[in-house]
file target_14.txt (compact mmCIF, C-alpha atoms and all ligand atoms)
# COMPACT_ATOMS: atom_id res chain seq x y z
CA MET B 1 5.17 13.07 -16.07
CA THR B 2 2.89 11.59 -18.61
CA ASP B 3 0.14 13.16 -20.64
CA LEU B 4 -1.76 9.88 -20.61
CA VAL B 5 -5.38 10.44 -19.76
CA GLN B 6 -6.36 9.14 -16.35
CA PRO B 7 -9.38 6.85 -16.10
CA ALA B 8 -12.56 8.63 -15.07
CA THR B 9 -13.57 6.20 -12.32
CA ARG B 10 -11.69 5.40 -9.12
CA PRO B 11 -12.24 2.37 -6.91
CA ALA B 12 -14.57 3.43 -4.10
CA ASN B 13 -12.29 1.49 -1.74
CA PRO B 14 -8.62 1.32 -2.78
CA ARG B 15 -7.72 -1.26 -0.11
CA PHE B 16 -6.34 -4.31 -1.91
CA SER B 17 -3.83 -5.38 0.75
CA SER B 18 -3.24 -9.12 1.25
CA GLY B 19 -3.43 -8.74 5.01
CA PRO B 20 -4.85 -7.12 6.93
CA CYS B 21 -7.41 -7.22 4.13
CA ALA B 22 -10.28 -4.86 3.39
CA LYS B 23 -12.94 -4.85 6.06
CA ILE B 24 -16.44 -6.02 5.21
CA PRO B 25 -18.13 -3.53 2.84
CA THR B 26 -20.71 -2.61 5.50
CA PHE B 27 -18.12 -1.96 8.21
CA THR B 28 -18.40 0.95 10.60
CA LEU B 29 -16.87 1.14 14.07
CA ASP B 30 -20.26 1.39 15.73
CA LYS B 31 -20.97 -2.17 14.61
CA LEU B 32 -18.64 -3.17 17.46
CA ASN B 33 -20.78 -1.48 20.13
CA ASP B 34 -21.80 -4.83 21.61
CA ALA B 35 -18.21 -5.86 22.34
CA ALA B 36 -17.73 -7.22 25.86
CA LEU B 37 -15.12 -4.61 26.64
CA GLY B 38 -13.70 -4.33 30.13
CA ARG B 39 -15.21 -7.70 31.01
CA SER B 40 -13.46 -10.94 31.81
CA HIS B 41 -13.25 -13.30 28.88
CA ARG B 42 -14.09 -16.00 31.44
CA ALA B 43 -17.38 -14.29 32.37
CA ALA B 44 -20.51 -15.80 30.81
CA ILE B 45 -20.76 -13.09 28.17
CA GLY B 46 -17.12 -13.47 27.09
CA LYS B 47 -17.33 -17.24 26.90
CA GLN B 48 -20.60 -17.02 25.00
CA LYS B 49 -19.02 -14.73 22.38
CA LEU B 50 -15.92 -16.90 22.00
CA LYS B 51 -18.09 -19.99 21.63
CA ALA B 52 -20.26 -18.20 19.06
CA ALA B 53 -17.10 -17.34 17.08
CA ILE B 54 -16.16 -21.03 17.07
CA GLU B 55 -19.59 -22.40 16.19
CA THR B 56 -20.36 -19.80 13.51
CA THR B 57 -16.98 -20.58 11.94
CA ARG B 58 -17.97 -24.26 11.93
CA GLU B 59 -21.35 -23.48 10.37
CA ILE B 60 -20.01 -21.27 7.57
CA LEU B 61 -17.00 -23.40 6.69
CA GLY B 62 -18.91 -26.69 6.97
CA ILE B 63 -16.44 -28.09 9.49
CA PRO B 64 -17.55 -31.58 10.63
CA ALA B 65 -19.18 -31.83 14.05
CA ASP B 66 -16.45 -34.13 15.36
CA TYR B 67 -13.64 -31.67 14.53
CA LYS B 68 -12.39 -29.38 17.31
CA ILE B 69 -12.01 -25.64 16.68
CA GLY B 70 -9.89 -23.45 18.95
CA ILE B 71 -9.05 -19.76 19.18
CA VAL B 72 -5.35 -19.48 19.95
CA PRO B 73 -2.67 -16.82 20.48
CA ALA B 74 -0.46 -15.20 17.85
CA SER B 75 -2.60 -15.29 14.74
CA ASP B 76 -2.06 -17.87 12.01
CA THR B 77 1.64 -18.20 12.84
CA GLY B 78 0.75 -19.10 16.42
CA ALA B 79 -1.68 -21.77 15.23
CA VAL B 80 0.78 -23.33 12.76
CA GLU B 81 3.63 -23.28 15.27
CA MET B 82 1.58 -24.85 18.05
CA ALA B 83 0.54 -27.64 15.70
CA MET B 84 4.07 -28.33 14.46
CA TRP B 85 5.65 -28.14 17.89
CA SER B 86 2.95 -30.34 19.47
CA MET B 87 2.56 -33.01 16.80
CA LEU B 88 5.65 -33.40 14.62
CA GLY B 89 8.43 -35.84 15.39
CA ALA B 90 6.17 -38.87 15.86
CA ARG B 91 6.99 -40.11 12.33
CA GLY B 92 8.68 -38.85 9.16
CA VAL B 93 7.75 -35.38 7.93
CA THR B 94 7.27 -34.01 4.43
CA MET B 95 7.34 -30.24 4.03
CA LEU B 96 5.86 -28.69 0.90
CA ALA B 97 6.85 -25.13 0.01
CA TRP B 98 6.37 -22.97 -3.05
CA GLU B 99 6.60 -19.45 -1.63
CA SER B 100 7.75 -17.47 1.36
CA PHE B 101 5.39 -18.66 4.11
CA GLY B 102 5.73 -22.34 3.24
CA SER B 103 9.50 -21.84 3.22
CA GLY B 104 9.25 -20.32 6.67
CA TRP B 105 7.63 -23.50 7.99
CA VAL B 106 10.45 -25.54 6.41
CA THR B 107 12.99 -23.43 8.27
CA ASP B 108 11.17 -23.99 11.55
CA VAL B 109 11.04 -27.74 11.15
CA ALA B 110 14.58 -28.17 9.87
CA LYS B 111 16.46 -25.57 11.92
CA GLN B 112 14.42 -25.18 15.11
CA LEU B 113 12.82 -28.60 15.60
CA LYS B 114 15.85 -30.14 13.86
CA LEU B 115 13.73 -32.81 12.16
CA ASP B 116 15.14 -34.60 9.16
CA ALA B 117 12.23 -33.72 6.90
CA THR B 118 11.73 -34.49 3.23
CA VAL B 119 11.48 -31.05 1.68
CA MET B 120 9.61 -30.66 -1.60
CA THR B 121 9.80 -27.20 -3.10
CA ALA B 122 8.83 -25.40 -6.27
CA ASP B 123 9.66 -22.00 -7.68
CA TYR B 124 7.29 -19.06 -7.43
CA GLY B 125 4.47 -19.72 -9.89
CA GLN B 126 4.54 -23.50 -9.54
CA LEU B 127 3.59 -26.33 -7.19
CA PRO B 128 5.80 -29.23 -6.10
CA ASP B 129 4.85 -32.65 -7.50
CA LEU B 130 1.85 -33.37 -5.31
CA ALA B 131 1.41 -36.85 -6.80
CA SER B 132 4.67 -38.03 -5.24
CA VAL B 133 3.97 -36.97 -1.65
CA ASP B 134 4.42 -39.86 0.79
CA PHE B 135 1.41 -39.95 3.12
CA ALA B 136 3.09 -42.43 5.42
CA THR B 137 4.74 -39.24 6.70
CA ASP B 138 3.15 -36.18 8.27
CA VAL B 139 2.69 -33.54 5.61
CA VAL B 140 2.84 -29.77 6.18
CA PHE B 141 1.65 -27.45 3.43
CA THR B 142 -0.01 -24.13 2.64
CA TRP B 143 -3.37 -24.32 0.83
CA ASN B 144 -2.89 -20.97 -0.86
CA GLY B 145 0.61 -19.54 -1.16
CA THR B 146 -0.17 -15.93 -0.39
CA THR B 147 3.07 -14.56 -1.80
CA SER B 148 3.01 -16.42 -5.12
CA GLY B 149 -0.73 -16.61 -5.72
CA VAL B 150 -0.48 -20.36 -6.27
CA ARG B 151 -2.93 -22.68 -4.52
CA VAL B 152 -3.47 -26.40 -4.53
CA PRO B 153 -6.34 -27.06 -6.96
CA ASN B 154 -8.22 -29.28 -4.48
CA GLY B 155 -7.59 -31.96 -1.87
CA ASP B 156 -7.71 -34.96 -4.22
CA TRP B 157 -3.94 -35.50 -4.00
CA ILE B 158 -4.17 -36.17 -0.26
CA ALA B 159 -4.53 -39.88 0.53
CA ASP B 160 -7.72 -40.98 2.28
CA ASP B 161 -5.84 -43.82 3.95
CA ARG B 162 -2.89 -41.68 5.03
CA GLU B 163 -0.90 -42.89 8.03
CA GLY B 164 0.56 -39.48 8.80
CA ILE B 165 -1.41 -36.34 9.57
CA THR B 166 -1.76 -33.28 7.36
CA ILE B 167 -1.08 -29.82 8.74
CA CYS B 168 -2.47 -27.14 6.46
CA ASP B 169 -1.85 -23.40 6.69
CA ALA B 170 -5.07 -22.16 5.10
CA THR B 171 -4.94 -18.55 6.20
CA SER B 172 -5.45 -17.01 2.76
CA ALA B 173 -7.79 -19.81 1.66
CA ALA B 174 -10.36 -20.20 4.45
CA PHE B 175 -13.65 -18.45 3.53
CA ALA B 176 -12.62 -18.22 -0.16
CA MET B 177 -11.90 -21.79 -1.23
CA ASP B 178 -13.44 -25.18 -0.64
CA LEU B 179 -11.30 -26.90 1.97
CA SER B 180 -11.57 -30.71 1.97
CA TRP B 181 -12.06 -31.29 5.67
CA ASP B 182 -11.77 -35.07 5.36
CA LYS B 183 -8.22 -34.57 4.04
CA LEU B 184 -7.12 -32.02 6.63
CA ASP B 185 -6.08 -33.04 10.14
CA VAL B 186 -4.88 -29.64 11.30
CA THR B 187 -6.06 -26.48 9.58
CA THR B 188 -5.11 -22.96 10.59
CA PHE B 189 -6.11 -19.45 9.65
CA SER B 190 -6.46 -15.97 11.08
CA TRP B 191 -9.19 -13.35 11.12
CA GLN B 192 -7.59 -10.54 9.14
CA LYS B 193 -7.47 -12.26 5.80
CA VAL B 194 -10.58 -13.25 3.82
CA LEU B 195 -13.05 -11.86 6.38
CA GLY B 196 -11.14 -8.62 6.90
CA GLY B 197 -11.20 -9.11 10.67
CA GLU B 198 -8.74 -7.70 13.18
CA ALA B 199 -5.34 -9.35 13.48
CA ALA B 200 -4.86 -10.99 16.85
CA HIS B 201 -5.84 -14.59 17.14
CA GLY B 202 -5.37 -17.78 15.21
CA MET B 203 -7.89 -20.49 14.54
CA ILE B 204 -6.85 -24.13 14.78
CA VAL B 205 -9.11 -26.90 13.51
CA LEU B 206 -8.32 -30.47 14.58
CA SER B 207 -9.64 -33.69 13.05
CA PRO B 208 -10.18 -36.72 15.32
CA ARG B 209 -6.85 -38.08 14.01
CA ALA B 210 -5.07 -34.90 15.07
CA VAL B 211 -6.60 -35.21 18.54
CA GLU B 212 -5.44 -38.82 18.66
CA ARG B 213 -1.90 -37.68 17.81
CA LEU B 214 -2.00 -35.06 20.54
CA GLU B 215 -3.19 -37.57 23.13
CA SER B 216 -0.80 -40.34 22.16
CA TYR B 217 2.46 -38.50 21.48
CA THR B 218 4.66 -36.31 23.63
CA PRO B 219 7.40 -34.46 21.76
CA ALA B 220 11.00 -34.66 22.95
CA TRP B 221 11.25 -30.87 23.29
CA PRO B 222 9.65 -28.58 25.87
CA LEU B 223 6.40 -26.80 24.95
CA PRO B 224 5.62 -23.28 26.15
CA LYS B 225 2.23 -22.77 27.79
CA ILE B 226 0.75 -21.01 24.75
CA PHE B 227 1.41 -24.12 22.61
CA ARG B 228 0.00 -26.67 25.04
CA MET B 229 -3.27 -28.30 23.94
CA THR B 230 -3.13 -31.29 26.31
CA LYS B 231 -2.87 -31.85 30.04
CA GLY B 232 -1.99 -35.24 31.50
CA GLY B 233 -2.21 -36.80 28.03
CA LYS B 234 -5.76 -35.54 27.44
CA LEU B 235 -6.95 -32.76 25.16
CA ILE B 236 -7.79 -29.59 27.08
CA ASP B 237 -11.40 -29.50 25.91
CA GLY B 238 -12.02 -26.00 27.21
CA ILE B 239 -9.79 -24.47 24.51
CA PHE B 240 -12.25 -25.76 21.92
CA VAL B 241 -15.35 -24.24 23.48
CA GLY B 242 -13.92 -20.76 23.97
CA GLU B 243 -11.87 -21.08 27.15
CA THR B 244 -8.78 -19.59 25.54
CA ILE B 245 -5.28 -20.40 26.79
CA ASN B 246 -4.66 -16.75 27.61
CA THR B 247 -6.49 -13.45 27.26
CA PRO B 248 -8.05 -12.66 23.89
CA SER B 249 -9.09 -9.25 22.58
CA MET B 250 -12.84 -9.03 22.99
CA LEU B 251 -12.85 -6.17 20.50
CA ALA B 252 -11.25 -8.42 17.88
CA VAL B 253 -13.72 -11.19 18.80
CA GLU B 254 -16.66 -8.82 18.28
CA ASP B 255 -15.25 -7.71 14.96
CA TYR B 256 -14.91 -11.35 13.86
CA LEU B 257 -18.52 -12.04 14.90
CA VAL B 258 -19.68 -9.05 12.84
CA ALA B 259 -17.68 -10.31 9.84
CA LEU B 260 -19.15 -13.80 10.23
CA ASP B 261 -22.64 -12.32 10.27
CA TRP B 262 -21.89 -10.43 7.07
CA ALA B 263 -20.51 -13.65 5.54
CA LYS B 264 -23.80 -15.39 6.31
CA SER B 265 -25.76 -12.55 4.73
CA GLU B 266 -23.68 -12.96 1.57
CA GLY B 267 -24.67 -16.61 1.22
CA GLY B 268 -22.05 -18.16 3.49
CA LEU B 269 -19.10 -20.00 2.02
CA ALA B 270 -20.63 -20.38 -1.45
CA GLY B 271 -21.33 -16.65 -1.55
CA LEU B 272 -17.81 -15.78 -0.41
CA ILE B 273 -16.23 -18.12 -2.95
CA ALA B 274 -18.36 -16.59 -5.70
CA ARG B 275 -17.27 -13.10 -4.69
CA ALA B 276 -13.57 -14.02 -4.70
CA ASP B 277 -13.93 -15.89 -8.01
CA ALA B 278 -15.66 -12.91 -9.63
CA ASN B 279 -12.93 -10.56 -8.38
CA ALA B 280 -10.10 -12.77 -9.60
CA LYS B 281 -11.81 -13.25 -12.96
CA VAL B 282 -11.72 -9.52 -13.61
CA ILE B 283 -7.93 -9.65 -13.27
CA HIS B 284 -7.57 -12.88 -15.25
CA ASP B 285 -9.58 -11.31 -18.08
CA PHE B 286 -7.45 -8.17 -17.93
CA CYS B 287 -4.27 -10.27 -18.22
CA ASP B 288 -5.75 -12.16 -21.19
CA ALA B 289 -6.47 -8.87 -22.92
CA HIS B 290 -3.04 -7.30 -22.31
CA ASP B 291 0.24 -8.84 -23.43
CA TRP B 292 2.41 -6.93 -20.95
CA ILE B 293 1.09 -8.55 -17.79
CA ALA B 294 0.55 -12.16 -16.72
CA ASN B 295 -0.44 -14.24 -13.73
CA LEU B 296 2.57 -15.47 -11.75
CA ALA B 297 0.85 -18.88 -11.42
CA ASP B 298 1.74 -20.97 -14.46
CA ASP B 299 -1.16 -23.42 -14.36
CA PRO B 300 -4.64 -21.82 -14.45
CA ALA B 301 -5.94 -24.59 -12.14
CA THR B 302 -3.59 -23.34 -9.42
CA ARG B 303 -4.38 -19.63 -9.70
CA SER B 304 -5.41 -18.08 -6.42
CA ASN B 305 -8.75 -16.33 -6.16
CA THR B 306 -7.53 -14.33 -3.15
CA SER B 307 -3.88 -13.26 -3.48
CA VAL B 308 -3.66 -12.72 -7.23
CA CYS B 309 0.02 -12.22 -8.11
CA LEU B 310 1.02 -10.61 -11.37
CA LYS B 311 4.26 -10.17 -13.29
CA PHE B 312 5.13 -7.65 -15.99
CA THR B 313 6.27 -9.29 -19.21
CA ASP B 314 7.05 -6.34 -21.49
CA ASP B 315 10.49 -6.35 -23.18
CA ARG B 316 10.79 -2.60 -22.83
CA ILE B 317 11.06 -2.84 -19.04
CA LYS B 318 14.66 -2.14 -18.03
CA ASP B 319 14.67 -3.14 -14.36
CA GLY B 320 11.75 -5.38 -13.35
CA ALA B 321 11.90 -4.69 -9.62
CA VAL B 322 12.24 -0.92 -10.00
CA PHE B 323 9.45 -0.87 -12.57
CA ALA B 324 6.96 -2.89 -10.51
CA LYS B 325 7.64 -0.77 -7.41
CA ALA B 326 7.13 2.40 -9.42
CA VAL B 327 3.79 1.19 -10.78
CA ALA B 328 2.57 0.31 -7.29
CA LYS B 329 3.80 3.65 -5.94
CA ARG B 330 2.08 5.58 -8.73
CA LEU B 331 -1.23 3.84 -8.03
CA GLU B 332 -0.87 4.44 -4.31
CA ALA B 333 -0.07 8.12 -4.89
CA GLU B 334 -3.29 8.42 -6.88
CA GLY B 335 -5.18 6.78 -4.03
CA VAL B 336 -6.54 4.06 -6.31
CA ALA B 337 -4.66 1.02 -4.96
CA LEU B 338 -2.99 0.64 -1.57
CA ASP B 339 -0.45 -2.06 -0.68
CA ILE B 340 -0.36 -3.93 -4.00
CA GLY B 341 3.40 -4.35 -4.37
CA ALA B 342 4.58 -7.97 -4.55
CA TYR B 343 5.68 -9.49 -1.22
CA ARG B 344 9.26 -8.65 -0.30
CA ASP B 345 10.64 -12.16 -0.99
CA ALA B 346 8.54 -12.76 -4.13
CA PRO B 347 9.45 -12.02 -7.75
CA ALA B 348 8.89 -8.41 -8.82
CA GLY B 349 5.30 -7.61 -9.65
CA LEU B 350 1.95 -6.80 -8.10
CA ARG B 351 -0.36 -8.63 -5.74
CA ILE B 352 -4.01 -7.69 -5.67
CA TRP B 353 -6.25 -9.14 -2.96
CA CYS B 354 -9.51 -10.53 -4.30
CA GLY B 355 -11.06 -12.07 -1.18
CA GLY B 356 -14.77 -11.63 -0.56
CA THR B 357 -14.59 -8.33 1.33
CA VAL B 358 -13.35 -6.64 -1.84
CA GLU B 359 -16.08 -5.38 -4.15
CA THR B 360 -15.90 -6.53 -7.77
CA SER B 361 -16.75 -3.00 -8.90
CA ASP B 362 -13.54 -1.82 -7.20
CA ILE B 363 -11.39 -4.40 -8.99
CA GLU B 364 -13.10 -3.41 -12.24
CA ALA B 365 -12.39 0.26 -11.57
CA LEU B 366 -8.75 -0.55 -10.80
CA MET B 367 -7.98 -2.26 -14.12
CA PRO B 368 -7.92 0.88 -16.32
CA TRP B 369 -5.68 2.47 -13.71
CA LEU B 370 -3.27 -0.44 -14.02
CA ASP B 371 -3.15 0.19 -17.75
CA TRP B 372 -2.60 3.89 -17.12
CA ALA B 373 0.17 3.35 -14.54
CA PHE B 374 1.93 0.79 -16.71
CA ASN B 375 2.00 3.10 -19.71
CA ALA B 376 3.00 6.06 -17.59
CA GLU B 377 5.96 4.11 -16.18
CA ILE B 378 7.02 2.84 -19.61
CA ALA B 379 7.05 6.45 -20.78
CA ALA B 380 8.94 7.58 -17.66
CA GLN B 381 11.72 4.98 -17.81
C1 LIG D 1 0.22 -18.37 4.01
C2 LIG D 1 0.48 -17.52 5.22
N1 LIG D 1 0.92 -18.09 6.35
C3 LIG D 1 1.17 -17.36 7.44
C4 LIG D 1 0.99 -15.99 7.46
C5 LIG D 1 1.27 -15.24 8.71
O1 LIG D 1 0.04 -14.97 9.26
P1 LIG D 1 -0.17 -14.21 10.63
O2 LIG D 1 0.41 -12.85 10.45
O3 LIG D 1 -1.66 -14.23 10.77
O4 LIG D 1 0.52 -14.98 11.68
C6 LIG D 1 0.54 -15.34 6.32
C7 LIG D 1 0.36 -13.90 6.30
O5 LIG D 1 0.15 -13.28 5.28
C8 LIG D 1 0.27 -16.13 5.18
O6 LIG D 1 -0.18 -15.54 4.07

call {"tool": "encode", "arguments": {"input": "target_14.txt", "output": "structure tokens", "more": "lines below"}}
Ligand SMILES: Cc1ncc(COP(=O)(O)O)c(C=O)c1O
result
Amino acid sequence: MTDLVQPATRPANPRFSSGPCAKIPTFTLDKLNDAALGRSHRAAIGKQKLKAAIETTREILGIPADYKIGIVPASDTGAVEMAMWSMLGARGVTMLAWESFGSGWVTDVAKQLKLDATVMTADYGQLPDLASVDFATDVVFTWNGTTSGVRVPNGDWIADDREGITICDATSAAFAMDLSWDKLDVTTFSWQKVLGGEAAHGMIVLSPRAVERLESYTPAWPLPKIFRMTKGGKLIDGIFVGETINTPSMLAVEDYLVALDWAKSEGGLAGLIARADANAKVIHDFCDAHDWIANLADDPATRSNTSVCLKFTDDRIKDGAVFAKAVAKRLEAEGVALDIGAYRDAPAGLRIWCGGTVETSDIEALMPWLDWAFNAEIAAQ
């Protein structure tokens, strides 16, 4: 063991997981007392709550009035899959991937849908060449690569006059980053990320162009019921006012409503972005001040303000993967940071969630512990 002195202060909440993420700071279970439990989700009260979840999402995220928002099965994955299965195949497809989840969507499109897609990839820490994306094709991408901590800097690279549609997995970006709705035809996210909600359902946001695609194109492959957004060539409007395809968890819905209320009390989207930015800045400043740790994202403009991924850069480290795991384990054993090991497919390192439900004071309290754990592991090697 080390004789290094431990920092005096511990994070009040050591939950820095990248999903499910920390619950809202004011969370207690009794906040869910109004949940419509044991009631039909088709009863007036259930429908009213589902509709409120949709419309409050629209209000906070500034989603245009003519975009449709649906609550769908199987979390963010369900929402991405239903979009790809329902809409791709009408024209060429470009898949962008720079980390594990984006790569997963490539696999789906190439191996399951068997589409001959143009695949543009980049290594962990980088982005593919966004300037050369062909918007005559449909384009599938992830706004924030959760496992590499690399995000697109903005939506400027997406053509206004695109012929194809864009499908954007924004699950670790929504409620923390400005999403350019005019550039996004399908946007998906889940509740357990930036708002710290309960994992269950996905959100799918459709632009008028996405609806047009759904109503004008029938894929060659069969679609299971939980993917079907049209009937007889027309959008099933009910899905987008809270008449879910199948049964949702009304407890998870209540929890999402409570999180949305908290988000409003924090200043809505601008407040949430400011919280995530402040959290990430604490880590960026720590990296600037220490030469043994660095952001995995090469270009500062692409650095995530939610899933901040870090790599150790000290020459004394013998085995990078063993070292990073040991640091994370040491911090977890001290109860100061839970679940901060890099994602299993990502380069060795740490990943610290900075979304708005995390308190800046907790990130600040964690930094000296990182220093402590690093030096303790160097000494223990
Ligand atoms: C970018 C991205 N896409 C998809 C997923 C899968 O999300 P879910 O578990 O909500 O389906 C995750 C989960 O971390 C993610 O970060």

call {"tool": "residues_near_ligand", "arguments": {"input": "target_14.txt", "ligand": "ligand LIG 1 (chain D)", "cutoff": "7 Å", "atoms": "all atoms listed in the file", "output": "list in words"}}
result
Ser18, Gly19, Ala74, Ser75, Asp76, Thr77, Gly78, Phe101, Gly102, Thr142, Asn144, Gly145, Thr146, Thr147, Asp169, Ala170, Thr171, Ser172, Phe189, Ser190, Ala199 and Gly202 of chain B

call {"tool": "write_last_selection", "arguments": {"input": "target_14.txt", "atoms": "C-alpha atoms", "output": "mmCIF file, in the frame of the given file"}}
result
data_model
loop_
_atom_site.group_PDB
_atom_site.id
_atom_site.type_symbol
_atom_site.label_atom_id
_atom_site.label_comp_id
_atom_site.auth_asym_id
_atom_site.auth_seq_id
_atom_site.Cartn_x
_atom_site.Cartn_y
_atom_site.Cartn_z
ATOM 1 C CA SER B 18 -3.240 -9.120 1.250
ATOM 2 C CA GLY B 19 -3.430 -8.740 5.010
ATOM 3 C CA ALA B 74 -0.460 -15.200 17.850
ATOM 4 C CA SER B 75 -2.600 -15.290 14.740
ATOM 5 C CA ASP B 76 -2.060 -17.870 12.010
ATOM 6 C CA THR B 77 1.640 -18.200 12.840
ATOM 7 C CA GLY B 78 0.750 -19.100 16.420
ATOM 8 C CA PHE B 101 5.390 -18.660 4.110
ATOM 9 C CA GLY B 102 5.730 -22.340 3.240
ATOM 10 C CA THR B 142 -0.010 -24.130 2.640
ATOM 11 C CA ASN B 144 -2.890 -20.970 -0.860
ATOM 12 C CA GLY B 145 0.610 -19.540 -1.160
ATOM 13 C CA THR B 146 -0.170 -15.930 -0.390
ATOM 14 C CA THR B 147 3.070 -14.560 -1.800
ATOM 15 C CA ASP B 169 -1.850 -23.400 6.690
ATOM 16 C CA ALA B 170 -5.070 -22.160 5.100
ATOM 17 C CA THR B 171 -4.940 -18.550 6.200
ATOM 18 C CA SER B 172 -5.450 -17.010 2.760
ATOM 19 C CA PHE B 189 -6.110 -19.450 9.650
ATOM 20 C CA SER B 190 -6.460 -15.970 11.080
ATOM 21 C CA ALA B 199 -5.340 -9.350 13.480
ATOM 22 C CA GLY B 202 -5.370 -17.780 15.210
#

call {"tool": "closest_residue", "arguments": {"input": "target_14.txt", "among": "B:Pro347, B:Leu370, B:Asp362, B:Tyr256", "to": "Ile293 (chain B)", "atoms": "only C-alpha atoms"}}
result
B:Leu370

call {"tool": "closest_residue", "arguments": {"input": "target_14.txt", "among": "B:Trp353, B:Trp292, B:Trp369, B:Trp262", "to": "Arg330 (chain B)", "atoms": "all atoms listed in the file"}}
result
B:Trp369

call {"tool": "residues_around", "arguments": {"input": "target_14.txt", "residues": "Val258 (chain B)", "least_positions_apart": "5", "cutoff": "12 Å", "atoms": "all atoms listed in the file", "output": "PyMOL selection string"}}
result
chain B and resi 23-35+49+52-53+56-57+191+195-198+251-253+263-265

call {"tool": "atom_distance", "arguments": {"input": "target_14.txt", "atom1": "CA of Thr9 (chain B)", "atom2": "CA of Lys311 (chain B)"}}
result
24.2 Å

call {"tool": "closest_residue", "arguments": {"input": "target_14.txt", "among": "B:Leu310, B:Ile226, B:Val322, B:Val186", "to": "Leu350 (chain B)", "atoms": "only C-alpha atoms"}}
result
B:Leu310

call {"tool": "residues_near_point", "arguments": {"input": "target_14.txt", "point": "(-5.8, -6.1, -17.3)", "cutoff": "10 Å", "atoms": "all atoms listed in the file", "output": "list of chain:residue names"}}
result
B:Val282, B:Ile283, B:His284, B:Asp285, B:Phe286, B:Cys287, B:Asp288, B:Ala289, B:His290, B:Asp291, B:Trp292, B:Ile293, B:Ala294, B:Glu364, B:Leu366, B:Met367, B:Pro368, B:Trp369, B:Leu370, B:Asp371

call {"tool": "residues_around", "arguments": {"input": "target_14.txt", "residues": "region 298-308 of chain B", "least_positions_apart": "6", "cutoff": "7 Å", "atoms": "only C-alpha atoms", "output": "mmCIF file with C-alpha atoms, keeping the file's coordinate frame"}}
result
data_model
loop_
_atom_site.group_PDB
_atom_site.id
_atom_site.type_symbol
_atom_site.label_atom_id
_atom_site.label_comp_id
_atom_site.auth_asym_id
_atom_site.auth_seq_id
_atom_site.Cartn_x
_atom_site.Cartn_y
_atom_site.Cartn_z
ATOM 1 C CA SER B 18 -3.240 -9.120 1.250
ATOM 2 C CA GLY B 125 4.470 -19.720 -9.890
ATOM 3 C CA GLN B 126 4.540 -23.500 -9.540
ATOM 4 C CA ASN B 144 -2.890 -20.970 -0.860
ATOM 5 C CA THR B 146 -0.170 -15.930 -0.390
ATOM 6 C CA GLY B 149 -0.730 -16.610 -5.720
ATOM 7 C CA VAL B 150 -0.480 -20.360 -6.270
ATOM 8 C CA ARG B 151 -2.930 -22.680 -4.520
ATOM 9 C CA VAL B 152 -3.470 -26.400 -4.530
ATOM 10 C CA PRO B 153 -6.340 -27.060 -6.960
ATOM 11 C CA SER B 172 -5.450 -17.010 2.760
ATOM 12 C CA ALA B 276 -13.570 -14.020 -4.700
ATOM 13 C CA ASP B 277 -13.930 -15.890 -8.010
ATOM 14 C CA ALA B 280 -10.100 -12.770 -9.600
ATOM 15 C CA ARG B 351 -0.360 -8.630 -5.740
ATOM 16 C CA ILE B 352 -4.010 -7.690 -5.670
ATOM 17 C CA TRP B 353 -6.250 -9.140 -2.960
ATOM 18 C CA CYS B 354 -9.510 -10.530 -4.300
ATOM 19 C CA GLY B 355 -11.060 -12.070 -1.180
#

call {"tool": "atom_distance", "arguments": {"input": "target_14.txt", "atom1": "CA of Gly271 (chain B)", "atom2": "CA of Ile54 (chain B)"}}
result
19.8 Å

call {"tool": "closest_residue", "arguments": {"input": "target_14.txt", "among": "B:Ala131, B:Leu88, B:Cys21, B:Leu260", "to": "Val109 (chain B)", "atoms": "only C-alpha atoms"}}
result
B:Leu88

call {"tool": "closest_residue", "arguments": {"input": "target_14.txt", "among": "B:Ser86, B:Met177, B:Asp116, B:Pro64", "to": "Ser216 (chain B)", "atoms": "all atoms listed in the file"}}
result
B:Ser86

call {"tool": "atom_distance", "arguments": {"input": "target_14.txt", "atom1": "CA of Val119 (chain B)", "atom2": "CA of Met95 (chain B)"}}
result
4.8 Å

call {"tool": "residues_around", "arguments": {"input": "target_14.txt", "residues": "Tyr217 (chain B)", "least_positions_apart": "3", "cutoff": "8 Å", "atoms": "only C-alpha atoms", "output": "ChimeraX atom specification"}}
result
/B:87,90,213-214

call {"tool": "closest_residue", "arguments": {"input": "target_14.txt", "among": "B:Cys168, B:Leu179, B:Leu113, B:Ile60", "to": "Ala97 (chain B)", "atoms": "all atoms listed in the file"}}
result
B:Cys168

call {"tool": "residues_around", "arguments": {"input": "target_14.txt", "residues": "region 10-12 of chain B", "least_positions_apart": "2", "cutoff": "8 Å", "atoms": "only C-alpha atoms", "output": "PyMOL selection string"}}
result
chain B and resi 7-8+14+336-337+361-366

call {"tool": "closest_atom_pairs", "arguments": {"input": "target_14.txt", "of": "region 9-90 of chain B", "to": "region 229-244 of chain B", "cutoff": "9 Å", "atoms": "all atoms listed in the file", "output": "CSV"}}
result
residue,atom,partner,partner_atom,distance
B:His41,CA,B:Glu243,CA,8.1
B:Arg42,CA,B:Glu243,CA,7.0
B:Gly46,CA,B:Gly242,CA,8.6
B:Lys47,CA,B:Gly242,CA,5.7
B:Gln48,CA,B:Gly242,CA,7.7
B:Lys49,CA,B:Gly242,CA,8.1
B:Leu50,CA,B:Gly242,CA,4.8
B:Lys51,CA,B:Gly242,CA,4.8
B:Ala52,CA,B:Gly242,CA,8.4
B:Ala53,CA,B:Gly242,CA,8.3
B:Ile54,CA,B:Val241,CA,7.2
B:Glu55,CA,B:Val241,CA,8.6
B:Lys68,CA,B:Phe240,CA,5.9
B:Ile69,CA,B:Phe240,CA,5.2
B:Gly70,CA,B:Phe240,CA,4.4
B:Ile71,CA,B:Thr244,CA,6.4
B:Val72,CA,B:Thr244,CA,6.6
B:Pro73,CA,B:Thr244,CA,8.4
B:Met82,CA,B:Met229,CA,8.4
B:Ser86,CA,B:Met229,CA,7.9
